[in-house]
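Listing of run.txt; format and content: compact mmCIF, C-alpha atoms.
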# COMPACT_ATOMS: atom_id res chain seq x y z
CA MET V 1 0.00 0.00 0.00
CA ILE V 2 1.18 3.53 -0.80
CA ARG V 3 1.35 5.62 2.36
CA SER V 4 0.86 9.37 2.31
CA ARG V 5 2.41 11.92 4.62
CA PRO V 6 1.30 12.12 8.26
CA VAL V 7 -2.06 13.63 9.08
CA LEU V 8 -2.04 17.40 9.01
CA VAL V 9 -3.51 18.80 12.22
CA LEU V 10 -4.54 22.36 11.51
CA SER V 11 -4.97 25.22 13.93
CA LEU V 12 -8.24 26.03 12.15
CA PHE V 13 -9.49 29.36 13.46
CA LEU V 14 -7.23 29.49 16.51
CA ALA V 15 -5.96 33.07 16.79
CA GLY V 16 -3.70 32.60 19.77
CA ALA V 17 -2.79 30.27 22.60
CA LEU V 18 -5.70 30.71 25.00
CA PRO V 19 -6.44 28.43 27.94
CA ALA V 20 -9.16 25.95 27.09
CA ALA V 21 -12.34 26.11 29.14
CA ALA V 22 -13.00 23.24 31.52
CA GLN V 23 -15.68 21.60 29.40
CA ALA V 24 -16.08 18.14 27.99
CA VAL V 25 -14.69 17.60 24.52
CA GLU V 26 -15.15 14.74 22.09
CA ALA V 27 -12.81 12.47 20.22
CA GLU V 28 -12.81 12.54 16.45
CA PRO V 29 -15.05 9.74 15.17
CA ILE V 30 -14.97 6.83 12.77
CA LEU V 31 -17.73 7.34 10.22
CA PRO V 32 -19.13 5.69 7.08
CA ALA V 33 -17.28 6.94 4.02
CA SER V 34 -20.58 8.13 2.54
CA ARG V 35 -20.91 10.70 5.36
CA LEU V 36 -17.53 12.25 4.62
CA VAL V 37 -17.74 12.82 0.87
CA ALA V 38 -19.77 15.19 -1.26
CA PRO V 39 -23.27 13.93 -2.13
CA GLY V 40 -23.22 11.79 -5.24
CA THR V 41 -19.55 10.85 -4.95
CA PRO V 42 -19.17 7.23 -6.09
CA LEU V 43 -17.36 4.99 -3.61
CA SER V 44 -16.79 2.04 -5.89
CA GLY V 45 -16.43 1.24 -9.56
CA PRO V 46 -14.89 -1.32 -11.92
CA GLY V 47 -11.99 -2.77 -9.96
CA TRP V 48 -11.79 0.00 -7.35
CA ARG V 49 -13.45 0.88 -4.06
CA VAL V 50 -13.16 3.22 -1.10
CA ALA V 51 -12.94 1.39 2.21
CA SER V 52 -15.55 2.14 4.88
CA PRO V 53 -15.77 3.08 7.71
CA VAL V 54 -13.22 5.89 7.77
CA ALA V 55 -11.32 7.42 10.69
CA VAL V 56 -11.39 11.20 10.97
CA ARG V 57 -8.11 12.72 12.12
CA GLY V 58 -7.18 16.37 11.88
CA TYR V 59 -10.80 16.96 10.76
CA LEU V 60 -10.15 15.10 7.49
CA GLY V 61 -11.23 11.61 6.50
CA GLN V 62 -8.34 9.16 6.25
CA PHE V 63 -9.54 7.27 3.19
CA GLU V 64 -8.14 4.12 1.61
CA LEU V 65 -8.67 3.79 -2.13
CA SER V 66 -8.07 0.31 -3.55
CA THR V 67 -7.34 -0.06 -7.28
CA PRO V 68 -6.08 -2.95 -9.42
CA GLN V 69 -2.70 -1.18 -9.48
CA GLY V 70 -2.47 -0.88 -5.70
CA ALA V 71 -3.98 0.90 -2.71
CA ILE V 72 -3.51 4.55 -1.82
CA ASP V 73 -4.07 6.34 1.46
CA VAL V 74 -5.81 9.67 0.84
CA GLN V 75 -6.37 12.56 3.24
CA GLY V 76 -9.58 14.50 2.77
CA ARG V 77 -12.50 14.50 0.37
CA GLU V 78 -10.85 16.86 -2.13
CA LEU V 79 -7.88 14.59 -2.80
CA LEU V 80 -10.19 11.57 -2.74
CA ALA V 81 -12.31 13.07 -5.53
CA ILE V 82 -9.14 13.72 -7.54
CA ARG V 83 -7.78 10.20 -6.97
CA ILE V 84 -11.11 8.63 -7.96
CA ALA V 85 -11.12 10.74 -11.13
CA GLU V 86 -7.59 9.54 -11.89
CA VAL V 87 -8.55 5.85 -11.77
CA PRO V 88 -9.49 5.64 -15.49
CA ALA V 89 -6.24 7.37 -16.45
CA LEU V 90 -4.28 4.98 -14.27
CA ALA V 91 -5.99 2.00 -15.90
CA ARG V 92 -5.34 3.39 -19.38
CA LEU V 93 -1.66 4.01 -18.67
CA GLU V 94 -1.34 0.53 -17.23
CA GLU V 95 -2.84 -0.87 -20.42
CA VAL V 96 -0.45 1.18 -22.58
CA SER V 97 2.57 0.12 -20.54
CA ARG V 98 1.82 -3.52 -21.29
CA GLY V 99 1.93 -2.94 -25.03
CA GLU V 100 4.79 -4.22 -27.14
CA VAL V 101 5.56 -0.84 -28.75
CA PHE V 102 5.78 0.88 -25.39
CA ALA V 103 7.96 -1.83 -23.88
CA ARG V 104 10.35 -1.70 -26.81
CA SER V 105 10.54 2.10 -26.66
CA ILE V 106 11.39 2.11 -22.98
CA ALA V 107 13.90 -0.70 -23.30
CA ASP V 108 15.69 0.88 -26.27
CA SER V 109 16.69 4.24 -24.95
CA ALA V 110 14.28 6.23 -22.78
CA LYS V 111 15.68 5.58 -19.34
CA ALA V 112 19.31 5.62 -20.47
CA THR V 113 18.60 8.95 -22.12
CA GLY V 114 17.04 10.23 -18.92
CA ARG V 115 20.19 9.50 -16.96
CA ALA V 116 22.28 11.24 -19.60
CA VAL V 117 20.10 14.35 -19.55
CA VAL V 118 20.45 14.63 -15.78
CA ARG V 119 24.23 14.35 -16.11
CA VAL V 120 24.21 17.14 -18.68
CA ALA V 121 22.08 19.34 -16.47
CA THR V 122 24.32 18.94 -13.45
CA ASN V 123 27.36 19.91 -15.53
CA PRO V 124 26.00 22.95 -17.39
CA ALA V 125 29.43 24.28 -18.34
CA GLU V 126 29.73 21.23 -20.62
CA THR V 127 26.23 21.60 -22.04
CA VAL V 128 27.31 22.35 -25.59
CA LYS V 129 30.55 20.45 -26.03
CA GLY V 130 29.81 17.52 -23.76
CA ILE V 131 26.32 16.47 -24.82
CA PRO V 132 26.26 12.87 -26.00
CA ALA V 133 25.38 12.54 -29.67
CA GLY V 134 21.98 10.98 -29.09
CA ILE V 135 21.01 13.61 -26.55
CA GLY V 136 22.23 16.38 -28.80
CA ARG V 137 19.44 15.68 -31.24
CA LEU V 138 16.92 16.05 -28.43
CA LEU V 139 18.40 19.30 -27.12
CA GLN V 140 18.49 21.19 -30.41
CA ARG V 141 17.61 24.76 -29.52
CA THR V 142 18.97 28.19 -30.34
CA ALA V 143 22.35 29.06 -28.86
CA ARG V 144 20.68 31.76 -26.78
CA LYS V 145 18.24 29.30 -25.25
CA VAL V 146 21.03 26.87 -24.43
CA ARG V 147 23.00 29.62 -22.71
CA GLN V 148 19.97 30.77 -20.72
CA VAL V 149 19.18 27.29 -19.53
CA ALA V 150 22.82 26.48 -18.78
CA VAL V 151 23.15 29.55 -16.58
CA ALA V 152 19.90 28.87 -14.74
CA VAL V 153 20.71 25.21 -14.23
CA GLY V 154 24.22 26.13 -13.17
CA ASP V 155 22.90 28.47 -10.50
CA ALA V 156 20.55 25.79 -9.16
CA ALA V 157 23.21 23.10 -9.26
CA GLN V 158 25.71 25.36 -7.49
CA ARG V 159 23.25 26.08 -4.68
CA GLU V 160 22.71 22.36 -4.33
CA ARG V 161 26.46 21.68 -4.15
CA ASP V 162 26.88 24.49 -1.62
CA GLY V 163 24.38 22.82 0.69
CA GLY V 164 21.58 25.33 0.24
CA GLY V 165 19.05 22.97 1.79
CA ASP V 166 18.39 19.51 3.05
CA GLY V 167 17.34 18.18 -0.35
CA ASP V 168 13.94 16.95 0.80
CA GLY V 169 11.95 19.29 -1.39
CA ASP V 170 11.03 21.58 1.48
CA GLY V 171 13.94 23.99 1.37
CA ASP V 172 16.25 25.67 -1.06
CA GLY V 173 18.26 22.49 -1.59
CA GLY V 174 15.22 20.52 -2.66
CA ASP V 175 14.12 23.43 -4.82
CA SER V 176 17.53 23.55 -6.52
CA ALA V 177 17.46 19.82 -7.22
CA ALA V 178 13.96 20.19 -8.66
CA LYS V 179 15.13 23.03 -10.92
CA VAL V 180 17.97 20.86 -12.20
CA ARG V 181 15.54 18.12 -13.12
CA ASP V 182 12.99 20.58 -14.54
CA PHE V 183 15.48 22.25 -16.84
CA ALA V 184 16.96 18.98 -18.04
CA THR V 185 13.64 17.41 -18.88
CA GLU V 186 12.26 20.67 -20.29
CA ILE V 187 15.11 20.92 -22.79
CA ALA V 188 14.66 17.29 -23.76
CA GLY V 189 10.96 17.82 -24.32
CA VAL V 190 9.92 15.29 -21.69
CA ASN V 191 8.03 17.79 -19.54
CA LYS V 192 6.15 19.03 -22.58
CA ALA V 193 5.28 15.45 -23.53
CA ARG V 194 4.08 14.72 -20.01
CA ARG V 195 1.87 17.80 -20.07
CA ALA V 196 0.42 16.83 -23.46
CA ILE V 197 -0.37 13.30 -22.29
CA ALA V 198 -1.87 14.59 -19.04
CA LYS V 199 -4.02 17.03 -20.99
CA ALA V 200 -5.35 14.23 -23.20
CA MET V 201 -6.36 12.38 -20.03
CA GLY V 202 -7.70 15.45 -18.22
CA ILE V 203 -5.35 14.98 -15.26
CA ASP V 204 -2.88 17.19 -13.47
CA PRO V 205 0.62 16.72 -14.96
CA TYR V 206 2.01 17.42 -11.47
CA THR V 207 -0.21 14.90 -9.71
CA SER V 208 1.11 13.45 -6.47
CA ASN V 209 -0.66 10.15 -7.11
CA PRO V 210 2.16 7.66 -6.42
CA LEU V 211 0.64 5.04 -8.71
CA LEU V 212 0.25 7.47 -11.61
CA GLN V 213 3.46 9.51 -11.47
CA GLY V 214 5.86 6.82 -12.66
CA ARG V 215 3.60 5.55 -15.43
CA LEU V 216 3.01 9.06 -16.77
CA GLU V 217 6.73 9.79 -16.70
CA ASP V 218 7.56 6.53 -18.50
CA LEU V 219 5.14 7.25 -21.32
CA ALA V 220 6.54 10.77 -21.69
CA TRP V 221 10.08 9.40 -21.95
CA ALA V 222 8.96 6.75 -24.42
CA SER V 223 7.34 9.37 -26.63
CA VAL V 224 10.42 11.62 -26.66
CA ALA V 225 13.46 9.40 -26.28
CA GLY V 226 12.25 5.96 -27.09
CA GLY V 227 10.88 6.44 -30.58
CA LEU V 228 7.19 6.19 -29.64
CA SER V 229 5.41 8.85 -31.67
CA MET V 230 3.43 11.42 -29.73
CA ASP V 231 0.43 10.77 -31.95
CA LEU V 232 0.52 7.12 -30.95
CA ALA V 233 1.02 8.00 -27.28
CA LEU V 234 -1.90 10.43 -27.28
CA GLY V 235 -4.03 8.05 -29.27
CA ALA V 236 -3.45 5.39 -26.65
CA VAL V 237 -4.65 7.56 -23.78
CA GLY V 238 -7.00 10.02 -25.47
CA GLY V 239 -10.70 10.42 -24.87
CA LEU V 240 -10.56 10.65 -21.10
CA ALA V 241 -10.24 14.37 -20.53
CA ALA V 242 -13.91 15.37 -20.46
CA ASP V 243 -14.96 12.56 -18.12
CA VAL V 244 -12.08 13.07 -15.70
CA LEU V 245 -12.44 16.85 -15.52
CA SER V 246 -16.18 16.59 -14.95
CA THR V 247 -15.40 14.57 -11.82
CA SER V 248 -12.38 16.33 -10.35
CA GLY V 249 -12.98 19.95 -11.33
CA ARG V 250 -11.46 22.06 -14.07
CA LEU V 251 -7.71 22.68 -14.22
CA ASP V 252 -6.17 25.91 -15.42
CA ASP V 253 -5.09 25.37 -19.03
CA LEU V 254 -1.71 26.92 -18.22
CA VAL V 255 -0.67 23.80 -16.27
CA TRP V 256 -0.70 21.94 -19.59
CA ASP V 257 0.41 24.71 -21.92
CA LEU V 258 3.38 26.31 -20.11
CA PRO V 259 6.53 24.96 -18.47
CA PRO V 260 6.83 25.52 -14.70
CA GLU V 261 9.34 28.37 -15.04
CA ASP V 262 7.02 30.32 -17.34
CA ILE V 263 4.17 29.87 -14.86
CA ARG V 264 6.37 31.08 -12.02
CA ARG V 265 7.41 34.17 -13.97
CA ARG V 266 3.78 35.06 -14.72
CA LEU V 267 2.69 34.56 -11.14
CA GLU V 268 5.62 36.49 -9.70
CA LYS V 269 4.58 39.48 -11.80
CA ASP V 270 0.95 39.05 -10.70
CA LEU V 271 1.91 38.94 -7.02
CA VAL V 272 4.24 41.92 -7.27
CA ASP V 273 1.53 43.88 -9.10
CA ARG V 274 -0.75 43.08 -6.15
CA GLY V 275 1.77 44.59 -3.75
CA ALA V 276 3.92 41.63 -2.72
CA GLN V 277 7.63 42.18 -2.23
CA PRO V 278 9.53 40.45 -5.07
CA LEU V 279 11.52 38.30 -2.64
CA VAL V 280 8.35 37.19 -0.85
CA ALA V 281 6.72 36.32 -4.18
CA ARG V 282 9.76 34.30 -5.21
CA ASP V 283 9.93 32.52 -1.85
CA PHE V 284 6.31 31.47 -2.25
CA LEU V 285 6.88 30.25 -5.80
CA ARG V 286 9.93 28.26 -4.68
CA ASN V 287 7.91 26.33 -2.11
CA GLY V 288 7.71 22.79 -3.49
CA ALA V 289 4.51 22.07 -1.55
CA PHE V 290 2.75 24.27 -4.12
CA THR V 291 3.06 22.61 -7.52
CA PRO V 292 2.52 24.83 -10.57
CA THR V 293 -1.12 23.71 -10.45
CA LEU V 294 -1.52 24.81 -6.83
CA GLN V 295 0.44 28.02 -7.43
CA LEU V 296 -2.04 29.01 -10.13
CA ALA V 297 -4.96 28.04 -7.89
CA PHE V 298 -3.63 29.98 -4.89
CA VAL V 299 -2.94 33.20 -6.80
CA GLY V 300 -6.25 32.85 -8.63
CA ALA V 301 -8.06 32.50 -5.31
CA LEU V 302 -6.38 35.66 -4.00
CA ARG V 303 -7.43 37.45 -7.18
CA ASP V 304 -11.05 36.40 -6.66
CA LEU V 305 -11.05 38.16 -3.28
CA GLY V 306 -10.13 41.51 -4.79
CA ARG V 307 -7.50 43.46 -2.85
CA PRO V 308 -8.03 42.69 0.86
CA ARG V 309 -5.59 43.85 3.50
CA GLY V 310 -3.34 41.22 5.04
CA GLU V 311 -2.33 39.48 1.83
CA ALA V 312 1.37 39.76 2.73
CA GLU V 313 0.81 37.80 5.94
CA VAL V 314 -1.13 35.14 4.03
CA LEU V 315 1.79 34.78 1.61
CA ASP V 316 4.15 34.39 4.57
CA LEU V 317 1.89 31.62 5.87
CA ALA V 318 1.93 29.91 2.47
CA ILE V 319 5.73 30.09 2.32
CA GLY V 320 5.86 27.95 5.46
CA VAL V 321 3.56 25.21 4.13
CA ARG V 322 5.28 21.84 3.83
CA ASP V 323 2.47 19.53 2.73
CA GLU V 324 0.18 19.26 -0.28
CA VAL V 325 -2.82 18.74 1.97
CA HIS V 326 -2.08 22.00 3.77
CA ALA V 327 -1.52 23.83 0.48
CA ARG V 328 -4.89 22.63 -0.82
CA PHE V 329 -6.49 23.59 2.49
CA LEU V 330 -5.35 27.21 2.10
CA VAL V 331 -6.51 27.36 -1.54
CA GLN V 332 -9.92 26.06 -0.53
CA GLN V 333 -10.14 28.51 2.38
CA LEU V 334 -9.55 31.44 0.06
CA ARG V 335 -12.06 30.13 -2.49
CA MET V 336 -14.68 29.51 0.19
CA LEU V 337 -14.16 32.98 1.67
CA ALA V 338 -14.75 34.51 -1.76
CA ARG V 339 -17.87 32.43 -2.37
CA HIS V 340 -19.50 32.79 1.03
CA ALA V 341 -18.87 36.46 1.70
CA ASP V 342 -22.08 38.39 1.17
CA GLY V 343 -21.95 40.24 -2.15
CA SER V 344 -22.86 43.46 -0.37
CA ASP V 345 -20.41 42.74 2.45
CA PRO V 346 -17.17 41.60 0.82
CA VAL V 347 -13.96 40.52 2.51
CA VAL V 348 -11.78 43.55 3.23
CA ALA V 349 -9.04 41.95 5.33
CA LEU V 350 -7.34 38.58 5.67
CA GLU V 351 -5.66 37.32 8.81
CA ALA V 352 -3.02 34.60 8.82
CA LEU V 353 -3.48 32.38 11.86
CA GLU V 354 -1.16 29.61 13.00
CA ALA V 355 -1.94 27.37 10.04
CA SER V 356 -5.01 28.82 8.37
CA ILE V 357 -6.77 32.01 7.30
CA ALA V 358 -9.61 34.08 8.70
CA ALA V 359 -11.30 37.13 7.17
CA THR V 360 -13.08 40.30 8.16
CA THR V 361 -15.89 41.68 6.03
CA ARG V 362 -16.74 45.30 5.38
CA ARG V 363 -19.41 45.23 8.10
CA GLY V 364 -16.96 43.80 10.61
CA THR V 365 -18.10 40.17 10.54
CA ARG V 366 -15.47 37.62 11.44
CA LEU V 367 -15.70 35.02 8.64
CA VAL V 368 -13.94 31.68 8.88
CA ALA V 369 -14.19 28.99 6.18
CA LEU V 370 -13.11 25.46 7.00
CA PRO V 371 -12.66 22.99 4.12
CA VAL V 372 -12.80 20.02 6.50
CA ASP V 373 -14.74 16.77 6.27
CA HIS V 374 -16.05 16.63 9.84
CA LEU V 375 -15.68 19.14 12.67
CA SER V 376 -15.74 17.73 16.18
CA TRP V 377 -15.72 19.66 19.44
CA THR V 378 -12.06 19.14 20.28
CA GLU V 379 -9.92 21.16 22.65
CA GLN V 380 -8.47 22.94 19.64
CA VAL V 381 -11.88 23.96 18.31
CA GLU V 382 -13.05 24.94 21.81
CA THR V 383 -10.10 27.28 22.22
CA GLY V 384 -10.57 28.81 18.78
CA ALA V 385 -14.28 29.36 19.39
CA ALA V 386 -13.62 30.97 22.77
CA SER V 387 -11.18 33.43 21.21
CA ARG V 388 -14.13 35.26 19.62
CA ARG V 389 -16.47 35.34 22.61
CA GLY V 390 -17.99 38.80 23.00
CA LYS V 391 -16.13 40.28 20.02
CA GLY V 392 -18.94 40.90 17.54
CA VAL V 393 -20.50 38.84 14.77
CA ALA V 394 -18.67 35.61 14.00
CA ARG V 395 -19.64 33.34 11.10
CA LEU V 396 -18.27 29.87 10.39
CA VAL V 397 -18.85 27.95 7.15
CA VAL V 398 -17.80 24.31 6.99
CA ALA V 399 -17.42 22.23 3.84
CA GLY V 400 -18.43 18.99 5.54
CA THR V 401 -20.41 18.10 8.62
CA VAL V 402 -20.31 19.44 12.18
CA SER V 403 -21.03 17.21 15.16
CA PRO V 404 -24.13 18.03 17.25
CA MET V 405 -21.91 18.84 20.23
CA ALA V 406 -19.77 21.20 18.17
CA GLN V 407 -22.90 22.86 16.78
CA ARG V 408 -24.22 23.54 20.28
CA GLN V 409 -20.95 24.76 21.72
CA LEU V 410 -20.11 26.98 18.77
CA ALA V 411 -23.55 28.58 18.96
CA ALA V 412 -23.07 29.15 22.69
CA ALA V 413 -19.76 30.86 21.93
CA GLY V 414 -21.50 33.25 19.54
CA TRP V 415 -20.73 31.63 16.19
CA THR V 416 -23.27 31.29 13.41
CA VAL V 417 -22.48 27.96 11.79
CA THR V 418 -23.37 26.79 8.30
CA ASP V 419 -22.18 23.29 7.41
CA GLY V 420 -22.41 21.09 4.34
CA VAL V 421 -21.47 23.94 1.96
CA GLY V 422 -19.02 21.77 0.02
CA LEU V 423 -15.67 22.60 -1.51
CA VAL V 424 -15.17 25.12 -4.30
CA PHE V 425 -13.86 23.93 -7.65
CA VAL V 426 -13.15 26.35 -10.47
CA PRO V 427 -15.97 26.02 -13.02
Now that the file is in, can you turn its structure into structure tokens?
Amino acid sequence: MIRSRPVLVLSLFLAGALPAAAQAVEAEPILPASRLVAPGTPLSGPGWRVASPVAVRGYLGQFELSTPQGAIDVQGRELLAIRIAEVPALARLEEVSRGEVFARSIADSAKATGRAVVRVATNPAETVKGIPAGIGRLLQRTARKVRQVAVAVGDAAQRERDGGGDGDGDGDGGDSAAKVRDFATEIAGVNKARRAIAKAMGIDPYTSNPLLQGRLEDLAWASVAGGLSMDLALGAVGGLAADVLSTSGRLDDLVWDLPPEDIRRRLEKDLVDRGAQPLVARDFLRNGAFTPTLQLAFVGALRDLGRPRGEAEVLDLAIGVRDEVHARFLVQQLRMLARHADGSDPVVALEALEASIAATTRRGTRLVALPVDHLSWTEQVETGAASRRGKGVARLVVAGTVSPMAQRQLAAAGWTVTDGVGLVFVP
């Protein structure tokens, strides 16, 4: 079974470390899977199923999705919907990988070429004169482009050699290593091929699905370095996009059409135009927890809120995120705040809490949106609720369900609670 990262326990709407009141609290429950997903979400299909019941930890369902290719642990209903939507793509790629043409393409040269490209990228000074003959054909670009890429890769590689991070993807070292790989595969055309194949299937080219990543990468290498024509590759997987996107929500076309560096440049300009310091914008865009897909979603969600105060603090919070689940949580919070603010009473200020975001509307309402599956009355929630006692109107919207005890206690603390509002996907 593929194991995901540890459960993310969020501070929700906790604004500060306040002593918890001496009241009874409840443990997070184990619930039927059907109670933790959006209405109409299928929980089984040809060869796959979602196990039930499901433990709730950190206010998110800890789902197990079984497929013919293996089982995946999934945190939260949003990622579950995405993983379910990816099942047909996974099956199609598995079918392709068993074909004779694909096997021959991979065996001939794709993986050997991949190793050579990485060697070239980590020795950028030798990019022109040291490229192996077979790779040279793949890296044909203008001299200017080669120089630009060599310099950029050289900078990233040097930071990696200088020990600029721990290499786990969370710091500068991991970012530098990722840049090295990105540049190498971008020059070779592998990233572009992966994006084209992902687009044909309607899936995120930067998916974290552990069962899908390797198969998608292999087909991209086969189409570029192994002699498998792109037409044949796309023909093998085509026809899935509309069905998958209708299930998992629409992706920004830029994730398929532009390389990661181009997306980062666009978003850096957008953030600076919104008032962010250039270094802060770059630090956010270097955070590997936000893939290009999530970067676009996060900046788009900020844009949908207009120009509220406090955006700089929210960016600082995002810079510290170290987990995809947390990154998606923040994106959903911003989207939910935009959707559930009264049109005549928009959000005018954002507040970065310990691990989440709260908002203030023009009329002074405290608005908190929680994209969680089930909210129990825990000590953490009790403390967060108490922090608003006697401080004006406080409104809480919850994507999933709220326990009866939490409903009562939140109301007693002065919160107006609306649950079952669902997550927000871009139409």
Centre and size of axis-aligned box enclosing range 274-286 of chain V plus 8 Å each side, as JSON:
{"center_x": 5.4, "center_y": 36.4, "center_z": -3.5, "size_x": 28.3, "size_y": 32.3, "size_z": 21.3}
Could you jot down the CA of Gly61 in chain V to CA of Gly76 in chain V separation for me, Å, one decimal place?
5.0 Å
Between V:Thr383, V:Thr365, V:Ser376, V:Ser344, which residue has the minimum interatomic distance to Gly400 in chain V, considering only C-alpha atoms?
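Smallest separation from Gly400 in chain V among the options: V:Ser376.
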d(CA of Leu423 in chain V, CA of Gly392 in chain V) in Å:
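Separating CA of Leu423 in chain V from CA of Gly392 in chain V is a distance of 26.6 Å.
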Which one is closest to Leu350 in chain V: V:Ile197, V:Ala386, V:Leu302, V:Val393? Count all atoms listed in the file.
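Ranking V:Ile197, V:Ala386, V:Leu302, V:Val393 by distance to Leu350 in chain V, first place goes to V:Leu302.
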Calculate how many Å separate CA of Ala297 in chain V from CA of Val331 in chain V, rounding to one decimal.
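Between CA of Ala297 in chain V and CA of Val331 in chain V the gap is 6.6 Å.
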Using only C-alpha atoms and a cutoff of 9 Å, can you tell me which residues are near (6.6, 38.2, -5.0) in the file's coordinates, and write them out as a list in words?
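These residues have at least one counted atom within 9 Å: Leu267, Glu268, Lys269, Asp270, Leu271, Val272, Asp273, Arg274, Gly275, Ala276, Gln277, Pro278, Leu279, Val280, Ala281, Arg282, Asp283, Phe284, Leu285 and Leu315 of chain V.
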Distance criterion (only C-alpha atoms): nearest to Arg264 in chain V out of V:Thr41, V:Asn287, V:Gln407, V:Ser356
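Nearest to Arg264 in chain V: V:Asn287.
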Which residue, V:Ala413, V:Ile263, V:Ala358, V:Ala222, has the smallest gap to Val397 in chain V when you use only C-alpha atoms?
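Nearest candidate to Val397 in chain V out of V:Ala413, V:Ile263, V:Ala358, V:Ala222: V:Ala358.
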I'd like the contact shell of range 86-90 of chain V - 9 Å cut-off, all atoms listed in the file, skipping same-chain residues fewer than 2 positions apart - returned as a ChimeraX atom specification.
/V:48,67,69,81-84,92-95,198,201-203,209,211-212,215-216,237,240,244,248
Pick from V:Leu258, V:Leu337, V:Val25, V:Ala38 nearest to Thr401 in chain V, counting all atoms listed in the file
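That would be V:Ala38, the residue with the smallest distance to Thr401 in chain V.
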Using all atoms listed in the file, list the residues that have an atom at most 9 Å from (-11.5, 37.0, -5.5), coordinates as in the file, as a PyMOL selection string.
chain V and resi 300-307+334-335+337-339
Proximity to Gly70 in chain V - best of V:Ala394, V:Ala55, V:Ala91, V:Ala196, all atoms listed in the file:
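Closest to Gly70 in chain V of all the choices is V:Ala91.
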